[in-house]
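I have placed the structure first, in the form of structure tokens, so that the comments after it can refer back to it.
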Amino acid sequence: MIMLQAWIEIACILAITVVAACAIAPWLAAIFRVGAKDTGDAPTGLLQRCLAAIERPLLQAAGSWPVREMTAGEYGAAILVFHAAGFGLLLGILRLQAVLPWNPAGVPAVPWLIALNTAASFTTNTNWQSYAGETTLSPLSQTLGLTVQNFVSAASGLCVLAVLTRGLVRRTSGTIGNFWQDLVRSTLGLLLPLAILLAAALASQGVVQTFATSREVALIDTTGSPAGSAETTRRILTGPVASQVAIKQLGTNGGGYFNANSAHPFENPTPLTNLLEIAAMLLIPLASCLAFGRWVGDRRQGRALLAAMALLFLPFLLIIVHVETRPNPLLQADELLQSVDQGASTDHEGGSLEGKEVRFGAAASALFAVGTTATSCGAVNAMHDSFSPLGGLVAMWMIQLGEVVFGGVGTGLAGLIAYTLVAVFVAGLMVGRSPEYLGKKIEAREMKMGMIVLLVPPITTLIGTAAACVLRGEAAAAPNPGPHGFSELLYAFSSAANNNGSAFGGLTATSPFWTLSLAAAMLVSRMLTMLPLVAIGGSLAAKRTVAESPGTLPTHTPLFVLLVAGTVILVGALSFVPALALGPLAEALQPLPALIQKGTP
Amino acid sequence: MSQPTPGGILSDSSAIVRAAGDAFVKLDPRRMILSPVMFTIEVGALLISGLALARVAGQPGTEHPAFIAAVAAGLWATVLFANFAEAMAEGRGRAQADALRRTRSDTLAKRLAAPRREAKVEPTPSTQLRAGDHVLIEAGDIVPGDGEVIDGVASVDESAITGESAPVIRESGGDRNTVTGGTRLLSDWLVVRITANPGESFLDKMISMVEGAKRQKTPNEIALDILLAGLTLVFLVVTATLLPFSMQAVAATGRGEPLGLAVLAALFVCLAPTTIGGLLPAIGIAGIDRMVRANVLATSGRAVEAAGDVDVLLLDKTGTITLGNRQAATFLPAAGVSEEDLADAAQLSSLADETPEGRSIVVLAKNRYGIRGREIESLDATFVPFTAQTRMSGVDFDGRQIRKGARDTIIKHVESIGGQVPAEVHRICDTVARAGATPLVVTDGATVLGVVELKDVVKGGIAERFKELRAMGIRTVMITGDNPLTAAAIAAEAGVDDFLAEATPEAKLAMIRRYQQEGHLVAMTGDGTNDAPALAQADVAVAMNSGTQAAKEAGNMVDLDSNPTKLLEIVAVGKQLLMTRGSLTTFSLANDVSKYFAIVPAAFGSIYPQLKALDIMRLHSPTTAVLAAVAFNALVIVGLVPMALKGVQYRPLPAAVLLQRNLLVWGLGGLLLPFPCIKLLDMLLAACGVT
Amino acid sequence: MPDPETPPSAAGWLAMLIAQVRPACTLLATLAIITGIFYPLAMTMAIQQLFPYQASGSLVQDAQGTVRGSALIGQPFRAPQWFHGRPSATGETPCDPTASGGSNLGPTNPALAGLVRERVAALRAENGSFLGPLPIDLVTASGSGLDPHISPAAARLQVTRVAAARGLPQEIVEKMVTDHLEPAMLGIFGRPRVNVFLLNLALGSLPGAAAADRSP
């Protein structure tokens, strides 16, 4: 009965998300329709005129008006320079926050290592946080520093998707759009309006939005801590939270205002905000698939890619919800804890509740976890480190798939298209044609760039984790013993190298090794996925479009969906099987009695 | 040309012995590096062999020397089996090449000092002839090289190349002016300008290609190589990082041993796409080889691949769609003329007409009305042959002037001698033409006797073949010099998708360009010099061996049989080549799943005994598990050699159906097959006392 | 670079990068001002107007007008006359809003079992009369460390202790628990729960409660 309610809750949240995605898909499709070359059935008219009115003054100021189409090389250069500028701006703000205005608590400059790591993290849409936001950053750093990057890093991801799509749609075109136009359109035309709506909705439920950064309150129970130090007051921290939480969810950024992220009651106070936040992080990745179908003028293509994502998502969802709502076997096996009721009833929540909030319950926390790792969001409403071994495995594996199951805003679908190109390549050969996708021949250049996109994240993850293992002293920083300690290392690099940003939070990653290696992983992965994707877009755009015939491999059928999902598993996920065996799998299968003995106080 | 049965690929023991020897020769790293996948395996094999020797020599280590040696053997076997596959393919190609080469045994050519028959002759070995040299060939001589006839007419026996025993005429000018090296002159003489340097002739290129020596990678192979190299790299990282991972795990648990190099190498060879990486060269060579077996010479592997891609076939009507030429079908007399009289007149006019149409009229009149053929001499008649000026043929005797010709010609002829073509005859002509046949009007003086209907006879079974092609997404376009009406009728009967009537070389070229603009890949056949531009434009251009040198040079394939229907076979070979590549890639990747289940529990068992739960095959011991996986990985290459050489089964089916079928066989098969095989090998190893 | 096959020279790339510097800096600046200053500023002003209570942190005052906390943030309760919330793993002291976070103990970490045992023992000692099974939420730390909620079962098992410590009839305390029960939204979203902070605030404002509150 309780599980039924949990499944209904999950089904409702997903259904609401899908409906919302269907609603914004035409809007998204319109954003990137910049010229006659971009066919497809994107709506025109009023929306286009609004976008033009918004973008014109900004582009004029930047000297990019009238808009000139860019080659793939120029587009890539623009992305590179823009990210470098964003990195510099954020680093500057973090280092100078002590002397900049709006620092009521007088927090000092962020230390160099943390500042570098954070600048890399937020410019790459990762939002790995090696600091506790509420105590390390001034409100100015949070808004002018982080919120800005939350917007533009997500917008850059959408730009990459736009380029790739144009590559498929345009015929023998040397150009693929203008980065500055795409950037402004997606930031101000899509992300900002959505963020305003979501921030208002979240605030109505109790997410704070204020200039005040803290409030002293008189404690009700003043009997003091067991140590005897009686406290009578507490400082409750507040700030402009709703505006940042809205975009961190929508932009699949995930960097919370507070250390506890969306588990914090001020970031995610009620089951309704939980619903909104889950829907928000899935919204644009889902809508992108549908918009993709509109872009290429065949909605079945978009639905097929969405189905491939769902095919990979749903089994993992079933597993994680199942294992998280089950009792923790360690506690269950402990003779001294037989009187603890871990099962759910109408009267109390059950399951693996360490690190989870009562208001959400285990099932919705599991849904949030699989959603945040499937998309490259990385916000958390429960502590993944304390998830059951298989629950942690699911979260980690969703990241290791390469953030293509929904994935990051823009980059997720773009990455899945890179997988699709590989799937099409092999499948195309199997039907006796040199392979093509949506009329574009897949040749050596697409293959080269596609393989870079697919392989840089896993290689970075594995090499980084190996380095952490070799530097034994650093590895000792993992607080949890046994295979779980290894899982923490693996999760950290998986998260950084796939630009997710969530963590097995027990790992203290503030040492020079961790801050610098993770920063490098984030930058390398982000750039070496975005730039090759742009290159693919450019080289596809330059090609002729091959006519469709019954001999053409259909790319919208259930069989093809299966094939794409299979490729993601075979090429992306299987690389991690040995590593996962040493981490969560070994943990899940380990005999419990031995552990319980050790646990006896 | 020899045609060994495909089933007997591995039955020829001498070929196997030779290929086995070649497999070792191919271990040369300079050759191996061409295949990144197999090169890394070879490096691994060297490393592990070194490790095994070091352990035998007393170096300390955790793994048993025998185990290390066994893994090294497995790695070497994998490399050697892959080389063996390539050598087998080359061996078969070499047999083909030898057959081709036999046709160009060294002959002493009569080189001419000047391009005249009378010029001074210097005997020169055929291998020293350069392009531009002129040679004299006389009856009984072997043609010393490919060339163009610049003087003379001769009958040539080309059976060495084509297998066709009937001699063909070769003469200067026109579309029959090329000779191929190795053929033999039966009569008369020719002065020939040699068109290829030694080693550069079409045949030479072909020989080196089937032997694999000069094979260049096709674009498609390059793309696949990138995919495979990428996967190899990631699996290299996967296995290499397991060493620090396992060290960390040992430190964390205080149990077990970090993974040894031999186990890591074993895991790597199992995960890397060795099956497809090892068989890729063999598949490519075998594809060209199959083309040669079909008596088609391709200038590049790229052309063979492109053949799989074409989706528009331009087919010449005559010979491909219809049987040779038009044939008389009915006699349609004008008012007041009996059918028999018409038949008689028509037969008379055709008695000396050696064209197929003329002969068919004689035959029809005989069959239908029992009118016997008569000798022109016995009639004392004068035969009037068809000329470009009159465009009529006929006979004059007894004061009668019987003529037959196309309607327009006859109108002019009749009006010039004061007569008139009756309206009824016009009507008959229109009806005939509308039905797609050709009306031939017969007159006796100024009197129009009637019309002979000449019809094209569509080849049996051709419509079904086009239907199959359509299902595969290939459009067929009929090219004909006929008028649009005639063309449309035949097109409908044969079931082609489109036709080009009154085709000129320019129209053909324009049509190819139009299709390419729309995104199609076009294949065509051609033989004349005026076909050359279209051949050069087409994506797959098959020149008839009987055609001109210009046509052969413009095309990227030559059909030795000069059979226009061959295009259909060429497409099939191309598709089969790509399908074999795709299927074996899928198989190779799908194999990895089972290997994880075999090796991961075995490798980590000492650190985390609980991972034995993943050992779903219940293998005997970690040692046998690893060795069984390595052995399977090597043996599967040998097992698939016949498949690589023969190509996967090809059926003309729509892409969706093909994909489903091949995914089921190669994808699902690749996923499941290794489980029982590895289990079996494991039991075998255990039975042999391996622990 | 219209032809992707021929990439430009190094100098060409450099020129291409330099050409993008001006638009990059200008647009970063304008977008930063719009999304980093205008957006939070405007949202703060609008939300402060629309939802002043929520926007400022859902702060709750007692009868005397003193702000006693946020309805959303848990507080530490140790004395027997208060309902106790979930264990908290925030920094040095439990429920510290300046150090939100969970324990991050792995699911098979023996230390987790050890901690749970200690909590079980403490709960048993405090609530001697309660012999039923202990709900799991009361012996595991929340993710934020600031979870203000416990399950209804976790609240009910404390009723006897609280009533005794306050010298109140059980029924009254029982009823207060029932009054503070928050059901799942629409019966679907979220879990039924009791806000310990609000419940204790109500307890503290009962007539004659002050004396009980002061005595430990």
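By convention here, the chains of the structure tokens are called A, B, ... in the order presented, each chain's residues are numbered starting at 1, and ligands are numbered starting at 1 in the order presented.
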
Contacts of B:Gly140 within 9 Å, only C-alpha atoms, excl. fewer than 4 positions in-chain, as a list in words | Arg184, Leu185, Leu186 and Ser187 of chain B

Can I get the selected residues back with N, CA, C and O atoms, as a tab-separated table (two decimals), in the first residue's frame?
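Below is the file that was written, selection.tsv:
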```tsv
chain	number	residue	atom	x	y	z
B	184	ARG	N	44.34	-13.10	-77.50
B	184	ARG	CA	45.10	-13.60	-78.64
B	184	ARG	C	44.42	-13.23	-79.95
B	184	ARG	O	43.19	-13.33	-80.08
B	185	LEU	N	45.23	-12.79	-80.88
B	185	LEU	CA	44.69	-12.43	-82.19
B	185	LEU	C	44.46	-13.69	-83.01
B	185	LEU	O	45.33	-14.54	-83.12
B	186	LEU	N	43.28	-13.81	-83.61
B	186	LEU	CA	42.98	-15.00	-84.40
B	186	LEU	C	43.27	-14.78	-85.88
B	186	LEU	O	43.67	-15.68	-86.60
B	187	SER	N	43.02	-13.54	-86.33
B	187	SER	CA	43.21	-13.31	-87.76
B	187	SER	C	43.68	-11.88	-87.97
B	187	SER	O	43.58	-11.04	-87.06
```

Distance-based interface of chain B with chain A, 6 Å, counting only C-alpha atoms, as a VMD selection string = chain B and resid 223 241 244 248 252 to 253 308 to 309 472 to 473 519 to 520 575 578 to 579 582 to 583 610 654 to 655 658 to 659

Selected residues written out with C-alpha atoms, as a compact mmCIF listing (two decimals), in the first residue's frame:
```
# COMPACT_ATOMS: atom_id res chain seq x y z
CA ALA B 223 36.03 5.26 -39.86
CA THR B 241 43.72 1.39 -14.03
CA PRO B 244 45.96 0.82 -8.81
CA GLN B 248 43.75 0.32 -3.13
CA ALA B 252 41.56 -1.22 2.30
CA THR B 253 40.70 -4.83 3.08
CA GLY B 308 26.77 -1.26 -51.57
CA ASP B 309 25.59 2.31 -51.23
CA MET B 472 15.96 -2.60 -50.72
CA GLY B 473 15.49 1.03 -51.59
CA GLY B 519 21.28 12.93 -52.54
CA HIS B 520 21.36 9.66 -54.42
CA LYS B 575 26.33 -4.68 -49.68
CA LEU B 578 29.53 -3.78 -45.57
CA MET B 579 27.14 -6.16 -43.86
CA GLY B 582 28.93 -4.43 -39.41
CA SER B 583 27.82 -7.85 -38.26
CA GLN B 610 31.83 -12.15 -2.36
CA PRO B 654 14.39 -3.65 -46.63
CA ALA B 655 16.84 -2.11 -44.18
CA LEU B 658 17.88 -6.70 -42.39
CA LEU B 659 18.76 -4.85 -39.23
```

If you run DSSP on this backbone, which residues of stretch 56-207 of chain C come out as strand (DSSP E or B), and could you give them as a PyMOL selection string?
-> chain C and resi 59-61+67-70+134-135+149-150+181-182+185+189+193-195

Near-B:Ala628 list (9 Å; only C-alpha atoms; drop same-chain fewer than 6 positions) as a ChimeraX atom specification | /B:598,677-685

Would you put the residues from that selection into a file with C-alpha atoms, as a short mmCIF file (atom, residue, chain, number, x, y, z; two decimals), in the first residue's frame?
```cif
data_model
loop_
_atom_site.label_atom_id
_atom_site.label_comp_id
_atom_site.auth_asym_id
_atom_site.auth_seq_id
_atom_site.Cartn_x
_atom_site.Cartn_y
_atom_site.Cartn_z
CA ALA B 598 34.27 -14.76 -16.59
CA CYS B 677 31.63 -21.76 -25.17
CA ILE B 678 33.63 -20.38 -22.27
CA LYS B 679 31.99 -22.86 -19.92
CA LEU B 680 32.91 -25.69 -22.29
CA LEU B 681 36.52 -24.53 -22.61
CA ASP B 682 36.67 -24.18 -18.85
CA MET B 683 35.48 -27.76 -18.38
CA LEU B 684 38.01 -28.89 -20.96
CA LEU B 685 40.84 -27.09 -19.17
#
```

Between atom CA of A:Gly412 and atom CA of A:Leu161, distance in Å (one decimal) | 8.6 Å

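Counting only C-alpha atoms, the residue from A:Leu592, A:Leu283, A:Val340, A:Leu290 that sits nearest to chain C is A:Val340.
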
Identify, with DSSP run on backbone atoms, the residues in stretch 186-324 of chain B assigned to helix (DSSP H, G or I), and express the list as a PyMOL selection string.
-> chain B and resi 202-210+219-253+261-271+274-293+301-309+317-321

Just-selected residues, C-alpha atoms written as a PDB file, in the first residue's frame:
```pdb
ATOM      1  CA  PHE B 202      44.095  -2.397 -64.933  1.00  0.00           C
ATOM      2  CA  LEU B 203      44.949  -6.013 -64.444  1.00  0.00           C
ATOM      3  CA  ASP B 204      48.117  -5.180 -62.540  1.00  0.00           C
ATOM      4  CA  LYS B 205      46.224  -2.943 -60.174  1.00  0.00           C
ATOM      5  CA  MET B 206      43.675  -5.648 -59.690  1.00  0.00           C
ATOM      6  CA  ILE B 207      46.286  -8.284 -59.007  1.00  0.00           C
ATOM      7  CA  SER B 208      48.038  -6.230 -56.389  1.00  0.00           C
ATOM      8  CA  MET B 209      44.713  -5.423 -54.790  1.00  0.00           C
ATOM      9  CA  VAL B 210      43.506  -8.992 -54.493  1.00  0.00           C
ATOM     10  CA  PRO B 219      36.951   5.635 -46.041  1.00  0.00           C
ATOM     11  CA  ASN B 220      34.551   3.322 -44.380  1.00  0.00           C
ATOM     12  CA  GLU B 221      37.342   1.117 -43.077  1.00  0.00           C
ATOM     13  CA  ILE B 222      39.130   4.192 -41.763  1.00  0.00           C
ATOM     14  CA  ALA B 223      36.028   5.264 -39.856  1.00  0.00           C
ATOM     15  CA  LEU B 224      35.629   1.762 -38.460  1.00  0.00           C
ATOM     16  CA  ASP B 225      39.313   1.703 -37.550  1.00  0.00           C
ATOM     17  CA  ILE B 226      38.817   4.909 -35.573  1.00  0.00           C
ATOM     18  CA  LEU B 227      35.930   3.338 -33.708  1.00  0.00           C
ATOM     19  CA  LEU B 228      37.972   0.234 -32.953  1.00  0.00           C
ATOM     20  CA  ALA B 229      41.077   2.193 -31.986  1.00  0.00           C
ATOM     21  CA  GLY B 230      38.979   4.323 -29.644  1.00  0.00           C
ATOM     22  CA  LEU B 231      37.496   1.263 -27.998  1.00  0.00           C
ATOM     23  CA  THR B 232      40.925  -0.323 -27.715  1.00  0.00           C
ATOM     24  CA  LEU B 233      42.223   2.801 -26.019  1.00  0.00           C
ATOM     25  CA  VAL B 234      39.390   2.923 -23.504  1.00  0.00           C
ATOM     26  CA  PHE B 235      39.750  -0.779 -22.694  1.00  0.00           C
ATOM     27  CA  LEU B 236      43.487  -0.275 -22.298  1.00  0.00           C
ATOM     28  CA  VAL B 237      42.723   2.409 -19.720  1.00  0.00           C
ATOM     29  CA  VAL B 238      40.076   0.189 -18.106  1.00  0.00           C
ATOM     30  CA  THR B 239      42.541  -2.636 -17.600  1.00  0.00           C
ATOM     31  CA  ALA B 240      45.574  -0.501 -16.741  1.00  0.00           C
ATOM     32  CA  THR B 241      43.719   1.386 -14.030  1.00  0.00           C
ATOM     33  CA  LEU B 242      42.640  -1.875 -12.432  1.00  0.00           C
ATOM     34  CA  LEU B 243      46.160  -2.269 -11.065  1.00  0.00           C
ATOM     35  CA  PRO B 244      45.965   0.817  -8.809  1.00  0.00           C
ATOM     36  CA  PHE B 245      42.314   0.065  -8.088  1.00  0.00           C
ATOM     37  CA  SER B 246      43.149  -3.399  -6.859  1.00  0.00           C
ATOM     38  CA  MET B 247      46.109  -2.066  -4.877  1.00  0.00           C
ATOM     39  CA  GLN B 248      43.752   0.320  -3.130  1.00  0.00           C
ATOM     40  CA  ALA B 249      41.307  -2.508  -2.485  1.00  0.00           C
ATOM     41  CA  VAL B 250      44.048  -4.701  -1.032  1.00  0.00           C
ATOM     42  CA  ALA B 251      45.141  -1.875   1.222  1.00  0.00           C
ATOM     43  CA  ALA B 252      41.557  -1.218   2.299  1.00  0.00           C
ATOM     44  CA  THR B 253      40.703  -4.832   3.078  1.00  0.00           C
ATOM     45  CA  LEU B 261      50.036  -8.247 -15.321  1.00  0.00           C
ATOM     46  CA  ALA B 262      49.021 -11.514 -16.946  1.00  0.00           C
ATOM     47  CA  VAL B 263      45.442 -11.245 -15.706  1.00  0.00           C
ATOM     48  CA  LEU B 264      45.304  -7.628 -16.822  1.00  0.00           C
ATOM     49  CA  ALA B 265      46.622  -8.555 -20.253  1.00  0.00           C
ATOM     50  CA  ALA B 266      44.089 -11.372 -20.432  1.00  0.00           C
ATOM     51  CA  LEU B 267      41.246  -9.010 -19.566  1.00  0.00           C
ATOM     52  CA  PHE B 268      42.488  -6.506 -22.118  1.00  0.00           C
ATOM     53  CA  VAL B 269      42.701  -8.988 -24.973  1.00  0.00           C
ATOM     54  CA  CYS B 270      39.208 -10.202 -24.131  1.00  0.00           C
ATOM     55  CA  LEU B 271      37.685  -6.705 -24.035  1.00  0.00           C
ATOM     56  CA  THR B 274      39.976  -8.321 -31.503  1.00  0.00           C
ATOM     57  CA  THR B 275      37.392 -10.314 -33.409  1.00  0.00           C
ATOM     58  CA  ILE B 276      36.549  -7.546 -35.833  1.00  0.00           C
ATOM     59  CA  GLY B 277      40.012  -5.971 -35.583  1.00  0.00           C
ATOM     60  CA  GLY B 278      41.585  -9.260 -36.582  1.00  0.00           C
ATOM     61  CA  LEU B 279      39.182 -10.051 -39.375  1.00  0.00           C
ATOM     62  CA  LEU B 280      38.827  -6.581 -40.873  1.00  0.00           C
ATOM     63  CA  PRO B 281      41.598  -6.897 -43.495  1.00  0.00           C
ATOM     64  CA  ALA B 282      40.369 -10.353 -44.469  1.00  0.00           C
ATOM     65  CA  ILE B 283      36.828  -9.051 -44.970  1.00  0.00           C
ATOM     66  CA  GLY B 284      38.043  -6.276 -47.245  1.00  0.00           C
ATOM     67  CA  ILE B 285      40.248  -8.549 -49.344  1.00  0.00           C
ATOM     68  CA  ALA B 286      37.518 -11.151 -49.574  1.00  0.00           C
ATOM     69  CA  GLY B 287      35.096  -8.500 -50.823  1.00  0.00           C
ATOM     70  CA  ILE B 288      37.324  -7.556 -53.721  1.00  0.00           C
ATOM     71  CA  ASP B 289      37.951 -11.223 -54.290  1.00  0.00           C
ATOM     72  CA  ARG B 290      34.235 -11.919 -54.605  1.00  0.00           C
ATOM     73  CA  MET B 291      34.051  -9.120 -57.104  1.00  0.00           C
ATOM     74  CA  VAL B 292      36.799 -10.762 -59.145  1.00  0.00           C
ATOM     75  CA  ARG B 293      34.940 -14.039 -59.002  1.00  0.00           C
ATOM     76  CA  GLY B 301      38.153  -1.089 -52.531  1.00  0.00           C
ATOM     77  CA  ARG B 302      36.324   2.198 -52.267  1.00  0.00           C
ATOM     78  CA  ALA B 303      34.427   1.404 -55.461  1.00  0.00           C
ATOM     79  CA  VAL B 304      33.358  -1.974 -54.085  1.00  0.00           C
ATOM     80  CA  GLU B 305      32.076  -0.267 -50.967  1.00  0.00           C
ATOM     81  CA  ALA B 306      30.278   2.400 -52.915  1.00  0.00           C
ATOM     82  CA  ALA B 307      28.525  -0.386 -54.809  1.00  0.00           C
ATOM     83  CA  GLY B 308      26.772  -1.259 -51.570  1.00  0.00           C
ATOM     84  CA  ASP B 309      25.595   2.310 -51.226  1.00  0.00           C
ATOM     85  CA  LYS B 317      17.429  -1.140 -71.849  1.00  0.00           C
ATOM     86  CA  THR B 318      18.975  -3.351 -74.471  1.00  0.00           C
ATOM     87  CA  GLY B 319      20.591  -6.433 -73.072  1.00  0.00           C
ATOM     88  CA  THR B 320      19.707  -5.684 -69.482  1.00  0.00           C
ATOM     89  CA  ILE B 321      15.980  -5.235 -69.484  1.00  0.00           C
TER      90      ILE B 321
END
```

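Non-sequential neighbours of B:Asp430 (distance at most 12 Å, separation of 6 or more positions within a chain, only C-alpha atoms) are Arg407, Ala423, Glu424, Gly436, Ala437, Thr438, Pro439, Leu440, Val441, Val451, Glu453, Leu485 and Thr486 of chain B.
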
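Closest approach to C:Leu105 among C:Ala141, C:Leu123, C:Leu72, C:Ile188: C:Ala141, based on only C-alpha atoms.
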
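Proximity to C:Gln75 at 7 Å, evaluated using only C-alpha atoms and with sequence-adjacent residues fewer than 2 positions away removed, yields Ile73, Phe77, Cys95 and Phe197 of chain C.
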
Based on the selection just made, write all heavy atoms of those residues as an mmCIF file, in the first residue's frame.
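Below is the file out33.cif, written as the result:
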```cif
data_model
loop_
_atom_site.group_PDB
_atom_site.id
_atom_site.type_symbol
_atom_site.label_atom_id
_atom_site.label_comp_id
_atom_site.auth_asym_id
_atom_site.auth_seq_id
_atom_site.Cartn_x
_atom_site.Cartn_y
_atom_site.Cartn_z
ATOM 1 N N ILE C 73 13.079 24.904 9.813
ATOM 2 C CA ILE C 73 14.401 24.472 10.255
ATOM 3 C C ILE C 73 14.289 23.792 11.615
ATOM 4 O O ILE C 73 13.710 24.351 12.556
ATOM 5 C CB ILE C 73 15.343 25.692 10.373
ATOM 6 C CG1 ILE C 73 15.434 26.433 9.043
ATOM 7 C CG2 ILE C 73 16.728 25.258 10.843
ATOM 8 C CD1 ILE C 73 16.249 25.753 7.979
ATOM 9 N N PHE C 77 16.534 19.465 20.450
ATOM 10 C CA PHE C 77 15.729 19.313 21.669
ATOM 11 C C PHE C 77 16.293 18.144 22.451
ATOM 12 O O PHE C 77 16.448 17.043 21.908
ATOM 13 C CB PHE C 77 14.252 19.059 21.335
ATOM 14 C CG PHE C 77 13.588 20.230 20.652
ATOM 15 C CD1 PHE C 77 13.401 20.243 19.288
ATOM 16 C CD2 PHE C 77 13.175 21.325 21.404
ATOM 17 C CE1 PHE C 77 12.802 21.321 18.654
ATOM 18 C CE2 PHE C 77 12.571 22.412 20.767
ATOM 19 C CZ PHE C 77 12.385 22.405 19.397
ATOM 20 N N CYS C 95 21.830 20.135 14.557
ATOM 21 C CA CYS C 95 20.912 21.121 13.987
ATOM 22 C C CYS C 95 21.520 22.509 13.893
ATOM 23 O O CYS C 95 20.867 23.503 14.203
ATOM 24 C CB CYS C 95 19.608 21.204 14.793
ATOM 25 S SG CYS C 95 18.665 19.706 14.729
ATOM 26 N N PHE C 197 9.455 21.275 15.612
ATOM 27 C CA PHE C 197 9.643 22.653 16.063
ATOM 28 C C PHE C 197 8.303 23.303 16.380
ATOM 29 O O PHE C 197 8.111 23.884 17.444
ATOM 30 C CB PHE C 197 10.381 23.452 14.980
ATOM 31 C CG PHE C 197 10.339 24.938 15.192
ATOM 32 C CD1 PHE C 197 11.148 25.538 16.154
ATOM 33 C CD2 PHE C 197 9.474 25.744 14.454
ATOM 34 C CE1 PHE C 197 11.102 26.904 16.349
ATOM 35 C CE2 PHE C 197 9.429 27.112 14.658
ATOM 36 C CZ PHE C 197 10.242 27.697 15.602
#
```

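Taking only C-alpha atoms, the non-local environment of C:Ala163 within 7 Å (same-chain residues fewer than 6 positions away omitted) comprises Pro169, Gln170 and Val173 of chain C.
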
Selection: 12 Å around A:Pro26, only C-alpha atoms, excl. self and same-chain fewer than 3 positions, as a PyMOL selection string = chain A and resi 20-23+29-33+40-44+47-48+190+284+287-295+299

Given the selection you just returned, output its residues as a file containing C-alpha atoms, formatted as a compact mmCIF listing (two decimals), in the first residue's frame.
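The resulting file, out.txt, is reproduced below:
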```
# COMPACT_ATOMS: atom_id res chain seq x y z
CA ALA A 20 5.58 20.44 -19.10
CA ALA A 21 8.29 19.34 -21.55
CA CYS A 22 5.73 18.94 -24.32
CA ALA A 23 4.51 22.41 -23.54
CA ALA A 29 12.47 24.81 -31.13
CA ALA A 30 11.81 28.44 -31.97
CA ILE A 31 14.80 29.72 -30.03
CA PHE A 32 17.34 28.27 -32.44
CA ARG A 33 15.54 28.91 -35.67
CA GLY A 40 11.67 22.11 -39.38
CA ASP A 41 8.36 23.08 -37.88
CA ALA A 42 9.42 25.61 -35.28
CA PRO A 43 6.80 28.28 -34.65
CA THR A 44 7.54 31.68 -36.04
CA LEU A 47 7.99 34.64 -30.43
CA GLN A 48 10.59 35.28 -33.10
CA LEU A 190 14.43 30.49 -22.41
CA ILE A 284 14.85 21.06 -20.67
CA ALA A 287 11.98 19.09 -24.08
CA SER A 288 15.22 19.17 -26.11
CA CYS A 289 14.45 15.73 -27.49
CA LEU A 290 11.00 16.83 -28.58
CA ALA A 291 12.36 20.09 -29.95
CA PHE A 292 15.00 18.08 -31.82
CA GLY A 293 12.23 16.24 -33.62
CA ARG A 294 10.77 19.57 -34.65
CA TRP A 295 14.14 20.91 -35.73
CA ARG A 299 9.05 14.42 -34.65
```

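Restricting the calculation to only C-alpha atoms, the smallest distance between chain A and any of C:Gly190, C:Pro94, C:Pro183, C:Gly12 is found for C:Gly190.
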
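Of the listed residues B:Asp615, B:Asp527, B:Asp311, B:Asp396, the one whose atoms come nearest to B:Glu553 is B:Asp527, with distances taken using only C-alpha atoms.
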